[in-house]
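Novice: Provided herewith: protein-v3.pdb, PDB, C-alpha atoms.
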```
ATOM      1  CA  MET A   1     130.220 155.150 105.040
ATOM      2  CA  LYS A   2     131.128 153.002 108.024
ATOM      3  CA  GLU A   3     127.466 152.152 108.599
ATOM      4  CA  LEU A   4     126.990 151.218 104.942
ATOM      5  CA  LYS A   5     129.973 148.877 105.112
ATOM      6  CA  ILE A   6     128.535 147.180 108.200
ATOM      7  CA  LEU A   7     125.161 146.857 106.458
ATOM      8  CA  ALA A   8     126.847 145.354 103.373
ATOM      9  CA  VAL A   9     128.632 142.754 105.522
ATOM     10  CA  VAL A  10     125.379 141.795 107.294
ATOM     11  CA  VAL A  11     123.512 141.518 103.989
ATOM     12  CA  PHE A  12     126.302 139.422 102.458
ATOM     13  CA  PHE A  13     126.359 136.836 105.234
ATOM     14  CA  THR A  14     122.567 136.735 105.435
ATOM     15  CA  LEU A  15     122.328 135.973 101.706
ATOM     16  CA  LEU A  16     125.167 133.461 101.958
ATOM     17  CA  THR A  17     123.246 131.593 104.665
ATOM     18  CA  TYR A  18     119.929 131.758 102.801
ATOM     19  CA  TRP A  19     121.154 130.888  99.303
ATOM     20  CA  GLY A  20     124.289 128.937 100.158
ATOM     21  CA  VAL A  21     124.248 127.064 103.442
ATOM     22  CA  GLU A  22     120.518 126.279 103.652
ATOM     23  CA  PRO A  23     120.156 124.820 100.116
ATOM     24  CA  TYR A  24     123.319 122.782 100.666
ATOM     25  CA  ALA A  25     121.915 121.399 103.920
ATOM     26  CA  HIS A  26     118.697 120.428 102.161
ATOM     27  CA  SER A  27     120.630 118.738  99.348
ATOM     28  CA  VAL A  28     122.457 116.612 101.910
ATOM     29  CA  MET A  29     119.373 115.750 103.971
ATOM     30  CA  HIS A  30     117.024 115.189 101.052
ATOM     31  CA  LYS A  31     117.951 113.515  97.793
ATOM     32  CA  HIS A  32     117.108 115.902  94.964
ATOM     33  CA  ILE A  33     115.013 114.324  92.222
ATOM     34  CA  GLU A  34     113.988 116.081  89.030
ATOM     35  CA  SER A  35     110.406 115.612  87.917
ATOM     36  CA  LYS A  36     109.926 113.664  84.694
ATOM     37  CA  GLY A  37     106.783 115.595  83.870
ATOM     38  CA  PHE A  38     104.427 112.823  85.005
ATOM     39  CA  GLN A  39     105.064 110.948  81.769
ATOM     40  CA  TYR A  40     105.390 107.487  83.387
ATOM     41  CA  ASP A  41     107.812 106.229  80.779
ATOM     42  CA  ASP A  42     108.067 102.782  82.389
ATOM     43  CA  LEU A  43     104.396 102.084  81.692
ATOM     44  CA  LYS A  44     103.002 100.548  78.529
ATOM     45  CA  PRO A  45     101.318 103.199  76.345
ATOM     46  CA  LEU A  46      97.686 102.901  75.315
ATOM     47  CA  ALA A  47      97.728 100.884  72.096
ATOM     48  CA  LYS A  48      94.047 101.252  71.170
ATOM     49  CA  LYS A  49      91.438 103.993  70.902
ATOM     50  CA  GLY A  50      88.772 103.316  73.485
ATOM     51  CA  ASP A  51      85.012 103.322  73.048
ATOM     52  CA  ALA A  52      83.117 104.657  76.075
ATOM     53  CA  ALA A  53      79.881 102.771  75.333
ATOM     54  CA  ARG A  54      81.685  99.441  75.117
ATOM     55  CA  GLY A  55      83.747 100.431  78.135
ATOM     56  CA  ALA A  56      80.631 100.881  80.283
ATOM     57  CA  GLN A  57      79.576  97.336  79.503
ATOM     58  CA  THR A  58      83.076  95.962  80.033
ATOM     59  CA  PHE A  59      83.346  97.827  83.345
ATOM     60  CA  MET A  60      80.195  96.096  84.592
ATOM     61  CA  ASN A  61      81.011  92.666  83.196
ATOM     62  CA  ALA A  62      84.530  92.749  84.641
ATOM     63  CA  GLY A  63      83.096  93.159  88.128
ATOM     64  CA  CYS A  64      84.749  96.522  88.860
ATOM     65  CA  ILE A  65      81.558  97.701  90.512
ATOM     66  CA  GLY A  66      82.006  94.948  93.085
ATOM     67  CA  CYS A  67      84.720  97.040  94.769
ATOM     68  CA  HIS A  68      84.455 100.565  93.366
ATOM     69  CA  GLY A  69      81.643 103.049  93.541
ATOM     70  CA  LEU A  70      80.517 105.503  90.857
ATOM     71  CA  LYS A  71      78.517 108.068  92.810
ATOM     72  CA  SER A  72      78.176 110.321  89.782
ATOM     73  CA  GLN A  73      76.350 107.497  88.003
ATOM     74  CA  GLY A  74      74.098 106.642  90.930
ATOM     75  CA  MET A  75      76.178 103.628  91.961
ATOM     76  CA  PRO A  76      77.506 103.985  95.529
ATOM     77  CA  ALA A  77      80.346 101.839  96.827
ATOM     78  CA  PRO A  78      79.249  98.324  97.795
ATOM     79  CA  MET A  79      80.843  98.715 101.251
ATOM     80  CA  ASP A  80      81.355 101.576 103.664
ATOM     81  CA  PRO A  81      84.995 102.617 104.284
ATOM     82  CA  ASN A  82      85.369 100.554 107.468
ATOM     83  CA  ALA A  83      84.028  97.370 105.904
ATOM     84  CA  ALA A  84      86.201  97.979 102.825
ATOM     85  CA  VAL A  85      89.403  98.550 104.791
ATOM     86  CA  ALA A  86      88.739  95.345 106.734
ATOM     87  CA  SER A  87      88.444  93.440 103.456
ATOM     88  CA  PHE A  88      91.145  95.073 101.333
ATOM     89  CA  GLY A  89      93.468  96.946 103.707
ATOM     90  CA  VAL A  90      92.420 100.274 102.191
ATOM     91  CA  ASN A  91      89.131 101.618 100.903
ATOM     92  CA  PRO A  92      88.933 101.278  97.080
ATOM     93  CA  PRO A  93      88.352 104.709  95.525
ATOM     94  CA  ASP A  94      85.139 105.961  94.033
ATOM     95  CA  LEU A  95      85.926 106.281  90.318
ATOM     96  CA  SER A  96      83.619 109.166  89.434
ATOM     97  CA  ASN A  97      86.552 111.572  88.954
ATOM     98  CA  ALA A  98      89.254 109.031  88.084
ATOM     99  CA  GLY A  99      89.207 109.760  84.363
ATOM    100  CA  ALA A 100      89.996 113.439  85.003
ATOM    101  CA  VAL A 101      92.443 113.101  87.905
ATOM    102  CA  PHE A 102      94.596 110.144  86.840
ATOM    103  CA  ASP A 103      96.803 109.873  83.774
ATOM    104  CA  ALA A 104      95.168 107.743  81.041
ATOM    105  CA  LYS A 105      98.257 105.575  80.544
ATOM    106  CA  PHE A 106      98.471 104.989  84.285
ATOM    107  CA  LEU A 107      94.799 104.004  84.428
ATOM    108  CA  ALA A 108      95.269 101.474  81.619
ATOM    109  CA  ASN A 109      98.264  99.899  83.340
ATOM    110  CA  LEU A 110      96.496  99.989  86.705
ATOM    111  CA  ILE A 111      93.658  97.943  85.247
ATOM    112  CA  ALA A 112      95.958  95.438  83.531
ATOM    113  CA  ASN A 113      98.742  95.145  86.125
ATOM    114  CA  PRO A 114      97.967  97.090  89.321
ATOM    115  CA  GLU A 115     101.087  96.045  91.257
ATOM    116  CA  HIS A 116     103.435  97.344  88.583
ATOM    117  CA  ALA A 117     101.460 100.524  87.908
ATOM    118  CA  LEU A 118     101.431 101.363  91.616
ATOM    119  CA  MET A 119     105.078 100.301  92.113
ATOM    120  CA  VAL A 120     104.239  97.997  95.045
ATOM    121  CA  GLU A 121     105.562  94.679  93.713
ATOM    122  CA  HIS A 122     108.254  94.671  96.402
ATOM    123  CA  LYS A 123     105.526  94.689  99.078
ATOM    124  CA  PHE A 124     103.308  92.039  97.524
ATOM    125  CA  SER A 125     104.201  89.478  94.824
ATOM    126  CA  LYS A 126     107.943  89.614  95.564
ATOM    127  CA  ALA A 127     107.179  89.295  99.281
ATOM    128  CA  GLY A 128     104.750  86.408  98.771
ATOM    129  CA  ARG A 129     101.640  88.482  99.447
ATOM    130  CA  SER A 130      98.552  88.899  97.289
ATOM    131  CA  PHE A 131      97.662  92.391  96.154
ATOM    132  CA  PRO A 132      93.997  93.146  96.942
ATOM    133  CA  MET A 133      93.185  94.544  93.495
ATOM    134  CA  THR A 134      92.855  91.773  90.935
ATOM    135  CA  ALA A 135      94.496  92.310  87.548
ATOM    136  CA  PHE A 136      92.126  92.439  84.574
ATOM    137  CA  TYR A 137      92.830  89.487  82.288
ATOM    138  CA  GLY A 138      90.218  90.313  79.680
ATOM    139  CA  LEU A 139      86.759  89.007  78.864
ATOM    140  CA  GLY A 140      87.760  86.815  75.943
ATOM    141  CA  GLY A 141      88.305  89.512  73.340
ATOM    142  CA  ASP A 142      91.199  91.867  72.620
ATOM    143  CA  LYS A 143      92.450  92.692  76.116
ATOM    144  CA  ASP A 144      94.195  95.921  75.057
ATOM    145  CA  GLN A 145      90.978  97.115  73.421
ATOM    146  CA  GLU A 146      88.906  96.218  76.461
ATOM    147  CA  VAL A 147      91.276  98.116  78.746
ATOM    148  CA  ALA A 148      91.208 101.144  76.431
ATOM    149  CA  ASP A 149      87.396 100.989  76.420
ATOM    150  CA  ILE A 150      87.246 101.039  80.242
ATOM    151  CA  VAL A 151      89.598 104.041  80.332
ATOM    152  CA  ALA A 152      87.461 105.826  77.741
ATOM    153  CA  TYR A 153      84.368 105.132  79.844
ATOM    154  CA  LEU A 154      85.973 106.523  83.002
ATOM    155  CA  GLN A 155      87.027 109.625  81.084
ATOM    156  CA  SER A 156      83.544 110.072  79.623
ATOM    157  CA  ILE A 157      81.823 110.144  83.034
ATOM    158  CA  ALA A 158      84.480 112.302  84.706
ATOM    159  CA  PRO A 159      84.170 116.083  84.956
ATOM    160  CA  LYS A 160      86.214 118.222  82.608
ATOM    161  CA  ALA A 161      89.762 118.852  83.784
ATOM    162  CA  GLU A 162      89.036 122.532  84.459
ATOM    163  CA  GLU A 163      86.068 121.518  86.631
ATOM    164  CA  VAL A 164      88.213 119.432  88.978
ATOM    165  CA  THR A 165      88.884 121.503  92.078
ATOM    166  CA  PRO A 166      92.084 121.158  94.106
ATOM    167  CA  LYS A 167      90.140 119.471  96.898
ATOM    168  CA  MET A 168      88.517 116.998  94.487
ATOM    169  CA  ALA A 169      91.951 116.079  93.123
ATOM    170  CA  PHE A 170      93.320 115.538  96.625
ATOM    171  CA  GLU A 171      90.380 113.448  97.823
ATOM    172  CA  THR A 172      90.494 111.197  94.756
ATOM    173  CA  ALA A 173      94.271 110.742  94.714
ATOM    174  CA  CYS A 174      95.275 110.907  98.388
ATOM    175  CA  GLY A 175      92.278 111.121 100.690
ATOM    176  CA  ARG A 176      91.810 107.433 101.502
ATOM    177  CA  CYS A 177      95.217 107.177 103.202
ATOM    178  CA  HIS A 178      96.042 110.694 104.366
ATOM    179  CA  ALA A 179      94.163 112.895 106.811
ATOM    180  CA  VAL A 180      94.220 116.694 106.716
ATOM    181  CA  HIS A 181      93.335 117.848 110.208
ATOM    182  CA  TYR A 182      93.399 121.539 109.266
ATOM    183  CA  ASP A 183      90.598 120.953 106.750
ATOM    184  CA  LYS A 184      88.616 118.488 108.898
ATOM    185  CA  TRP A 185      89.405 115.667 106.462
ATOM    186  CA  THR A 186      89.787 112.084 107.694
ATOM    187  CA  GLN A 187      90.534 108.882 105.799
ATOM    188  CA  ILE A 188      86.816 108.052 105.876
ATOM    189  CA  GLY A 189      85.695 111.468 104.676
ATOM    190  CA  GLU A 190      84.894 114.958 105.892
ATOM    191  CA  ARG A 191      84.496 115.334 109.650
ATOM    192  CA  PRO A 192      80.909 116.558 110.123
ATOM    193  CA  LYS A 193      79.590 118.898 112.770
ATOM    194  CA  PHE A 194      78.011 116.985 115.633
ATOM    195  CA  LYS A 195      75.026 117.981 117.715
ATOM    196  CA  HIS A 196      75.619 115.276 120.297
ATOM    197  CA  LYS A 197      78.881 114.116 121.824
ATOM    198  CA  ILE A 198      77.931 110.450 121.426
ATOM    199  CA  ASP A 199      77.765 110.901 117.645
ATOM    200  CA  GLU A 200      81.207 112.496 117.620
ATOM    201  CA  LEU A 201      82.629 109.589 119.633
ATOM    202  CA  LYS A 202      81.093 107.053 117.244
ATOM    203  CA  PHE A 203      82.665 108.843 114.296
ATOM    204  CA  GLU A 204      86.049 108.969 116.053
ATOM    205  CA  GLU A 205      85.786 105.243 116.708
ATOM    206  CA  LYS A 206      85.295 104.601 112.997
ATOM    207  CA  VAL A 207      88.283 106.800 112.129
ATOM    208  CA  VAL A 208      90.544 105.006 114.621
ATOM    209  CA  ASP A 209      89.343 101.595 113.417
ATOM    210  CA  TYR A 210      90.091 102.563 109.809
ATOM    211  CA  GLN A 211      93.522 103.915 110.744
ATOM    212  CA  ASP A 212      94.403 100.751 112.658
ATOM    213  CA  LYS A 213      93.629  98.533 109.692
ATOM    214  CA  LEU A 214      95.366 100.900 107.272
ATOM    215  CA  THR A 215      98.465 100.823 109.491
ATOM    216  CA  LYS A 216      98.445  97.030 109.453
ATOM    217  CA  TYR A 217      98.132  97.047 105.652
ATOM    218  CA  LEU A 218     100.889  99.601 104.982
ATOM    219  CA  GLY A 219     103.115  98.999 108.009
ATOM    220  CA  LYS A 220     102.793 102.625 109.128
ATOM    221  CA  LEU A 221      99.985 105.138 109.281
ATOM    222  CA  PRO A 222     100.414 107.668 106.443
ATOM    223  CA  PRO A 223     101.077 111.147 107.869
ATOM    224  CA  ASP A 224      98.571 113.930 108.246
ATOM    225  CA  LEU A 225      99.362 116.336 105.392
ATOM    226  CA  SER A 226      98.121 119.565 106.982
ATOM    227  CA  MET A 227     101.593 121.123 107.191
ATOM    228  CA  TYR A 228     103.582 119.057 104.682
ATOM    229  CA  ILE A 229     103.659 121.878 102.155
ATOM    230  CA  ARG A 230     105.534 123.918 104.767
ATOM    231  CA  SER A 231     107.815 121.187 106.128
ATOM    232  CA  ARG A 232     108.672 119.419 102.848
ATOM    233  CA  GLY A 233     108.046 121.939 100.117
ATOM    234  CA  GLU A 234     106.263 121.800  96.777
ATOM    235  CA  HIS A 235     109.071 120.139  94.797
ATOM    236  CA  TYR A 236     109.479 117.273  97.265
ATOM    237  CA  LEU A 237     105.756 116.545  97.405
ATOM    238  CA  LYS A 238     105.350 116.674  93.630
ATOM    239  CA  THR A 239     108.266 114.320  92.898
ATOM    240  CA  PHE A 240     107.215 112.008  95.742
ATOM    241  CA  MET A 241     103.754 111.704  94.189
ATOM    242  CA  GLU A 242     105.314 111.002  90.815
ATOM    243  CA  ASP A 243     107.797 108.337  91.932
ATOM    244  CA  PRO A 244     107.870 107.558  95.675
ATOM    245  CA  GLN A 245     110.390 104.723  95.256
ATOM    246  CA  GLU A 246     113.031 107.044  93.835
ATOM    247  CA  LEU A 247     112.893 109.329  96.856
ATOM    248  CA  LEU A 248     112.226 106.671  99.493
ATOM    249  CA  PRO A 249     113.166 103.168  98.265
ATOM    250  CA  GLY A 250     111.067 100.448  99.840
ATOM    251  CA  THR A 251     108.243 102.741 100.908
ATOM    252  CA  ALA A 252     104.771 101.237 101.053
ATOM    253  CA  MET A 253     103.293 104.350  99.464
ATOM    254  CA  PRO A 254     102.112 103.518  95.953
ATOM    255  CA  ARG A 255     102.717 105.649  92.895
ATOM    256  CA  VAL A 256      99.728 107.963  92.746
ATOM    257  CA  GLY A 257      99.452 108.133  88.959
ATOM    258  CA  VAL A 258      97.950 111.589  88.679
ATOM    259  CA  SER A 259      98.354 113.741  85.604
ATOM    260  CA  LYS A 260     100.656 116.765  85.754
ATOM    261  CA  GLU A 261      97.655 119.093  85.998
ATOM    262  CA  SER A 262      96.118 117.058  88.828
ATOM    263  CA  ALA A 263      99.425 117.014  90.717
ATOM    264  CA  GLU A 264      99.493 120.806  90.591
ATOM    265  CA  LYS A 265      95.942 120.889  91.958
ATOM    266  CA  VAL A 266      96.881 118.565  94.830
ATOM    267  CA  ILE A 267      99.792 120.884  95.642
ATOM    268  CA  GLU A 268      97.462 123.884  95.433
ATOM    269  CA  TYR A 269      95.076 122.233  97.890
ATOM    270  CA  LEU A 270      97.891 121.470 100.347
ATOM    271  CA  ALA A 271      99.112 125.056 100.019
ATOM    272  CA  ASP A 272      95.614 126.401 100.659
ATOM    273  CA  VAL A 273      95.372 124.292 103.824
ATOM    274  CA  GLY A 274      98.907 124.488 105.186
ATOM    275  CA  ASP A 275      99.776 128.022 104.096
ATOM    276  CA  SER A 276      96.399 129.692 103.880
ATOM    277  CA  LYS A 277      97.768 133.190 104.524
ATOM    278  CA  ARG A 278     100.466 133.055 101.831
ATOM    279  CA  ALA A 279      98.792 135.509  99.434
ATOM    280  CA  GLU A 280      98.087 137.973 102.239
ATOM    281  CA  ARG A 281     101.625 137.504 103.601
ATOM    282  CA  ASP A 282     103.212 138.128 100.207
ATOM    283  CA  SER A 283     101.124 141.258  99.718
ATOM    284  CA  VAL A 284     101.944 142.651 103.158
ATOM    285  CA  GLY A 285     105.583 141.599 102.795
ATOM    286  CA  LYS A 286     106.055 143.773  99.709
ATOM    287  CA  ILE A 287     104.591 146.788 101.505
ATOM    288  CA  VAL A 288     106.814 146.165 104.523
ATOM    289  CA  MET A 289     109.940 145.921 102.350
ATOM    290  CA  ILE A 290     109.068 149.188 100.578
ATOM    291  CA  TYR A 291     108.518 150.839 103.971
ATOM    292  CA  LEU A 292     111.853 149.570 105.286
ATOM    293  CA  PHE A 293     113.745 150.864 102.249
ATOM    294  CA  ILE A 294     112.096 154.296 102.534
ATOM    295  CA  PHE A 295     112.674 154.350 106.299
ATOM    296  CA  ALA A 296     116.336 153.366 105.888
ATOM    297  CA  PHE A 297     116.853 156.064 103.244
ATOM    298  CA  LEU A 298     115.221 158.769 105.400
ATOM    299  CA  ALA A 299     117.138 157.594 108.483
ATOM    300  CA  TYR A 300     120.393 157.855 106.520
ATOM    301  CA  LEU A 301     119.566 161.412 105.369
ATOM    302  CA  TRP A 302     118.592 162.359 108.938
ATOM    303  CA  LYS A 303     121.834 160.915 110.277
ATOM    304  CA  GLN A 304     123.833 162.837 107.689
ATOM    305  CA  SER A 305     122.048 166.048 108.617
ATOM    306  CA  ILE A 306     122.488 165.669 112.380
ATOM    307  CA  TRP A 307     126.061 164.378 112.399
ATOM    308  CA  LYS A 308     127.538 166.296 109.488
ATOM    309  CA  GLU A 309     129.245 168.743 111.846
ATOM    310  CA  LEU A 310     131.139 165.845 113.493
ATOM    311  CA  HIS A 311     132.558 164.299 110.272
TER     312      HIS A 311
END
```
Any chance you could give the structure as structure tokens?
Specialist:
Amino acid sequence: MKELKILAVVVFFTLLTYWGVEPYAHSVMHKHIESKGFQYDDLKPLAKKGDAARGAQTFMNAGCIGCHGLKSQGMPAPMDPNAAVASFGVNPPDLSNAGAVFDAKFLANLIANPEHALMVEHKFSKAGRSFPMTAFYGLGGDKDQEVADIVAYLQSIAPKAEEVTPKMAFETACGRCHAVHYDKWTQIGERPKFKHKIDELKFEEKVVDYQDKLTKYLGKLPPDLSMYIRSRGEHYLKTFMEDPQELLPGTAMPRVGVSKESAEKVIEYLADVGDSKRAERDSVGKIVMIYLFIFAFLAYLWKQSIWKELH
């Protein structure tokens, strides 16, 4: 019985540390924010039903193709990432998957008032700086209808939500600012395999040039996200994507604007990269725990058998 009492004391203090002290420490070090379900209640809801055919024409006439590519429609970006970052501070995204990855209400507000939708007014208009993405003021008709038409067009050319892979969601939402070294992802795209060292050095030069200009634009180079799922945790990353200003007031990181489903896919991608052995670890962990319980039970019976004459 003495050994069982000692075991109970050890278990008690271990659980107290794990479920008491550690969560308290995290609550002090990191402000806890509850997710609002990626509803974006501060944004103006879509007031009109969009027409994809009209939206395609409006998209072209509004000049969106002057900055954004649509690879799925055979329209590559007008500039390579390094030329784009030199012009805008960051490479404008290809919009092939935008209609599936981003929330429709966010997209509409992004088109009409990008600073507010991205929550970067404090870094631009309020600081006397011009935001690189121009707001859409309409083409002379009903502006709300024109915006709804563009959103409908982007949704019509996007893959179905179930066809969007975790990596596609990450690249569309986060990949122009964040690198993922563990998956060979850089801000200018996937790091290819090189036959010659000179080609590798040229690629590295482009990456460094992009990062330098991105740092100047944002004030700090966004972190590599290879291990963020381990260091920050799923809840922190999800709520930071949803509303970065609430967790880190004054940050230059814009609101991402992804849908709830896309946010979960981004988290899944980061988990696959930063914790790639989690499924195997969980499986082995259960077997190990079962073994330990059986071993402890047999050891206790053996101890009772050997030492019963001394009690």
Novice: Would you pick out the contacts of Gln145 in chain A at 8 Å or less, using only C-alpha atoms, so that residues sharing its chain but fewer than 6 positions from it are not included, and give the list as a ChimeraX atom specification?
Specialist: /A:47-50
Novice: Any chance you could resolve the PyMOL selection byres ((chain A and resi 164) around 12) against this file and give the residues as an MDAnalysis selection string?
Specialist: chainID A and resid 96:102 158:163 165:172 261:266 269
Novice: What is the CA of Leu16 in chain A to CA of Met289 in chain A distance in Å?
Specialist: 19.7 Å
Novice: Identify, on the basis of only C-alpha atoms, every residue whose closest approach to range 62-78 of chain A does not exceed 8 Å; exclude the query and any residue fewer than 5 positions from it along the same chain; express the result as a compact mmCIF listing (two decimals) with C-alpha atoms, in the frame of the given file.
Specialist:
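Contents of the output file out_11.txt:
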```txt
# COMPACT_ATOMS: atom_id res chain seq x y z
CA PRO A 92 88.93 101.28 97.08
CA PRO A 93 88.35 104.71 95.52
CA ASP A 94 85.14 105.96 94.03
CA LEU A 95 85.93 106.28 90.32
CA SER A 96 83.62 109.17 89.43
CA PHE A 136 92.13 92.44 84.57
CA GLY A 138 90.22 90.31 79.68
CA LEU A 139 86.76 89.01 78.86
CA ILE A 157 81.82 110.14 83.03
```
Novice: Between CA of Glu280 in chain A and CA of Leu292 in chain A, what is the distance in Å, rounded to a tenth?
Specialist: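 Calculated distance between CA of Glu280 in chain A and CA of Leu292 in chain A is 18.3 Å.
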